[in-house]
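Before any comments, here is the structure.
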Amino acid sequence: MIVMKFGGSSVESASAIERVAGIVRARLERRPVVVVSAMGKTTNKLLAIARAAVEGGRKEAIQRIHELRDYHSCEARQVAPLAERAELDLILDEHFQELTELAKGLAVLGEATPRSIDAIASYGERLSSAIVARALRHCGMDTAHLDSRSYLVTDNRFTQASPLYGPTYARLAEAIPPLLRAGKVVVMGGFIGATEDGVTTTLGRGGSDFSASLVGAAIGAEEIQIWTDVDGLLTCDPTILEGGHRVRVISFNEAAELAYFGAKVLHPSTLLPAMEKNIPVEILNSRRPDCEGTTILPQAPPTSNWIKSIACKKNVTVVDVSSTRMLMAHGFLHKIFEVFDRFETPVDMVTTSEVSVSLTIDNTRHLSEITRELSRFAEVSHEEGQAIICVVGDNIRYTPGVAGRIFKAVEGVNVRMISQGASLRNVSFVVQESALKPAVEALHAAFFSELDPEIFA
Ligand code: ADP
Ligand code: ASP
Ligand code: MG
């Protein structure tokens, strides 16, 4: 059994879906479960519909819904068997009617709760999975389409829900293997789930990777494949710097740190279920299925290269908190973190001195409340427009001088908040966003001018 996850660009059009069908058909003997994202940029469009409805643009919201329907209908008709077109139209009608009702509801209320945002965002994967299941059938495969909301059980932290592992694994393990044994290709939407009471939730942006990994862990798959629009995990983020090399093989821990620090090719939680069950994860390009991609394994083979890749996170805000009154006082850090916790704002990086603490956050929704609370016992300031650069490699812990080489490479750049995680597998630091590209360029030149051919392509 294998899990094959196809991202938005891999199912963005009829021709992309046909490519997916070919890729799946070539692997039928491995008994695939197919997990799909919403088609193309559908999730962004759904969120824009919700925003338009709330902001009084009811007409605009309806107009956008029509466009989204036309897009789905046009692509889907090209991949569905003629005999199923009427049924397909019915499914599209049903989904888009519901979506229209929801948008109208938001327009009346003038407000979108996280719960209603998830309800709206879920249509992307519900539609794409229904369409891809029919396309695979059209190509001669026997498919079973499952509604992920009946299997992925989550808590009720809408828009960022966490899976409840017990019931999720139990439901998936009960439902999927018998279908695969019966020769069916199982097709499911990623990203979406539901609470125990059946209320629709989502796992956060990019969450389909995580869904695929949960499915893989639940059924004890032999491999989890993440099919996307790049050849694999690259030595640098291609949206920041082109010309990165493909990493052929990397460890779970290295890849997890890269995902956490911004390598969007994997949702940050993806590797947890796979690691727990020791299931290898492959990153592959759906446009170039013959490219061998990146293999993520429990341990990577030894290499002479110091680092594996450089991840970046943009749109970061640094919050500086200082208090001479709290000098040496116990509980200072606790008080600070309690405030971030109370406002459900994750902190990514932390550096401290005796009387001050700097933290980075990327969700600034509650920054003014946080600042107000912190100001009760400390001076607080913040700076937006920052970026985290994170250099990752298992070798960092064994190689003296890595930090020296990193900071020599970025000599001309103003660096702040240097930190090395307890894993000793990464060195991270913050720069102004405007210095991000030159800094990554300099690091890439310093660390990847010579490549171990066993590890990099
Ligand atoms: P999908 O829709 O298939 O899930 P995503 O857009 O979520 O695709 O993730 C793939 C993208 O991740 C790539 O197109 C690339 O721009 C970005 N990316 C960021 N860092 C890396 C990296 N180190 N290696 C490969 N891709 C990366
Ligand atoms: N469609 C969702 C998103 O765009 C989930 C995913 O693509 O992984 O965030
Ligand atoms: Mg993604």
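Chain lettering (A, B, ...) mirrors the order of the structure tokens, residue numbering begins at 1 for each chain separately, and ligand numbering begins at 1 in order of display.
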Surroundings of ligand 3 up to 6 Å, based on only C-alpha atoms and all ligand atoms, as a compact mmCIF listing (two decimals) with C-alpha atoms, in the first residue's frame:
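Contents of the output file selection_14.txt:
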# COMPACT_ATOMS: atom_id res chain seq x y z
CA GLY A 7 -0.90 19.19 -4.66
CA GLY A 206 -0.82 23.38 3.02
CA VAL A 265 7.11 21.94 -0.15
#### Entry: Surroundings of ligand 2 up to 9 Å, based on only C-alpha atoms and all ligand atoms, as a PyMOL selection string
chain A and resi 6-9+36-44+121-122+124-125+190-192+202-211+266-267
Dump of C-alpha atoms for the selected residues, as a compact mmCIF listing (two decimals), in the first residue's frame:
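Saved the output as part_29.txt:
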# COMPACT_ATOMS: atom_id res chain seq x y z
CA PHE A 6 -1.10 15.46 -5.40
CA GLY A 7 -0.90 19.19 -4.66
CA GLY A 8 -2.97 22.01 -6.16
CA SER A 9 -0.86 22.56 -9.26
CA VAL A 36 -5.65 15.44 -3.47
CA SER A 37 -5.51 19.15 -2.75
CA ALA A 38 -8.00 21.65 -4.11
CA MET A 39 -7.54 22.39 -7.82
CA GLY A 40 -4.99 25.15 -8.53
CA LYS A 41 -5.57 28.22 -6.39
CA THR A 42 -9.10 27.24 -5.34
CA THR A 43 -8.47 27.56 -1.58
CA ASN A 44 -7.29 31.16 -2.01
CA ALA A 121 -12.53 26.38 2.51
CA SER A 122 -13.52 22.69 2.56
CA GLY A 124 -11.95 22.92 -2.68
CA GLU A 125 -10.88 19.44 -1.60
CA GLY A 190 -6.58 16.39 1.86
CA PHE A 191 -6.68 19.35 4.27
CA ILE A 192 -10.19 18.70 5.60
CA THR A 202 -9.24 22.17 8.20
CA LEU A 203 -5.66 21.34 9.18
CA GLY A 204 -4.21 24.75 8.21
CA ARG A 205 -2.82 25.98 4.90
CA GLY A 206 -0.82 23.38 3.02
CA GLY A 207 -2.39 20.68 5.21
CA SER A 208 -2.95 18.07 2.49
CA ASP A 209 0.61 16.82 2.98
CA PHE A 210 -0.26 16.20 6.63
CA SER A 211 -3.47 14.37 5.63
CA LEU A 266 6.13 20.07 3.06
CA HIS A 267 3.56 21.13 5.65
### Query
as JSON, numbers by chain, which residues of range 104-350 of chain A does DSSP assign to alpha helix (DSSP H)?
{"A": [104, 105, 106, 107, 108, 109, 114, 115, 116, 117, 118, 119, 120, 121, 123, 124, 125, 126, 127, 128, 129, 130, 131, 132, 133, 134, 135, 136, 137, 138, 165, 166, 167, 168, 169, 170, 171, 172, 173, 174, 175, 176, 177, 178, 179, 180, 181, 208, 209, 210, 211, 212, 213, 214, 215, 216, 217, 218, 219, 252, 253, 254, 255, 256, 257, 258, 259, 260, 271, 272, 273, 274, 275, 276, 332, 333, 334, 335, 336, 337, 338, 339, 340, 341, 342]}
### Message
Around ligand 1, out to 7 Å and counting only C-alpha atoms and all ligand atoms, which residues are there? I want them as a ChimeraX atom specification.
### Response
/A:6-10,206,209,227-230,232-239,262-266,309-311
6 Å contact set for Ala218 in chain A, only C-alpha atoms, chain neighbours under 3 positions out, as an mmCIF file with N, CA, C and O atoms, in the first residue's frame:
data_model
loop_
_atom_site.group_PDB
_atom_site.id
_atom_site.type_symbol
_atom_site.label_atom_id
_atom_site.label_comp_id
_atom_site.auth_asym_id
_atom_site.auth_seq_id
_atom_site.Cartn_x
_atom_site.Cartn_y
_atom_site.Cartn_z
ATOM 1 N N TYR A 169 -6.862 7.246 13.240
ATOM 2 C CA TYR A 169 -6.177 6.033 12.779
ATOM 3 C C TYR A 169 -7.145 4.854 12.742
ATOM 4 O O TYR A 169 -7.121 4.045 11.809
ATOM 5 N N ALA A 173 -7.879 2.958 9.299
ATOM 6 C CA ALA A 173 -7.367 1.581 9.224
ATOM 7 C C ALA A 173 -8.505 0.584 8.997
ATOM 8 O O ALA A 173 -8.307 -0.467 8.403
ATOM 9 N N VAL A 215 -2.872 9.347 6.708
ATOM 10 C CA VAL A 215 -3.448 8.169 6.057
ATOM 11 C C VAL A 215 -2.380 7.075 5.971
ATOM 12 O O VAL A 215 -2.622 5.909 6.297
#
### Message
If we count only C-alpha atoms and set the cut-off at 10 Å, which residues sit around range 94-109 of chain A, ignoring sequence neighbours fewer than 4 positions away in its own chain? Please answer as a PyMOL selection string.
### Response
chain A and resi 46+49-59+61-62+65-66+68-69+88-90+113+116-117+119-124+126-127
### Query
Suppose you want the space between CA of Leu333 in chain A and CA of Arg397 in chain A; what is it in Å?
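Interatomic distance, CA of Leu333 in chain A to CA of Arg397 in chain A: 27.1 Å.
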### Query
Which is closest to Ile240 in chain A among A:Cys312, A:Ala217, A:Ala409, A:Met1, if we use only C-alpha atoms?
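Closest to Ile240 in chain A, using only C-alpha atoms: A:Cys312.
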#### Entry: Test item: residues at most 12 Å from Ile389 in chain A, only C-alpha atoms, excluding those fewer than 3 positions along its chain, as a PyMOL selection string
chain A and resi 236-237+240+257-258+260-263+309-316+348-349+386+392+406-407+410+415-420+426-433+435-441+443-444
### Query
When distances are computed from only C-alpha atoms, which of A:Ala457, A:Gly244, A:Arg25, A:Ala445 shows the smallest separation from Cys291 in chain A?
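Once distances to Cys291 in chain A are computed over only C-alpha atoms, the minimum belongs to A:Ala457.
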### Task
Check range 111-254 of chain A with DSSP on the backbone and list each residue it calls strand (DSSP E or B), as a PyMOL selection string.
chain A and resi 143-146+153-154+163+185-189+192-194+200-202+223-228+234+236+246-247+249-251
### Query
Near range 150-161 of chain A, within 6 Å and counting only C-alpha atoms, which residues show up once chain neighbours fewer than 5 positions away are dropped, as a PyMOL selection string?
chain A and resi 114-115+118+168+171-172+193-195+201-204
#### Entry: Interatomic distance (Å, one decimal) between CA of Phe456 in chain A and CA of Asn305 in chain A
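So the answer is 9.5 Å.
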### Message
Using Å and a single decimal, report how far CA of Ala446 in chain A sits from CA of Arg405 in chain A.
### Response
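One can read the CA of Arg405 in chain A to CA of Ala446 in chain A distance as 7.8 Å.
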### Query
Hey, which of A:Ser13, A:Ser423, A:Ser213, A:Thr303 ends up closest to Met275 in chain A? Count only C-alpha atoms.
A:Ser213
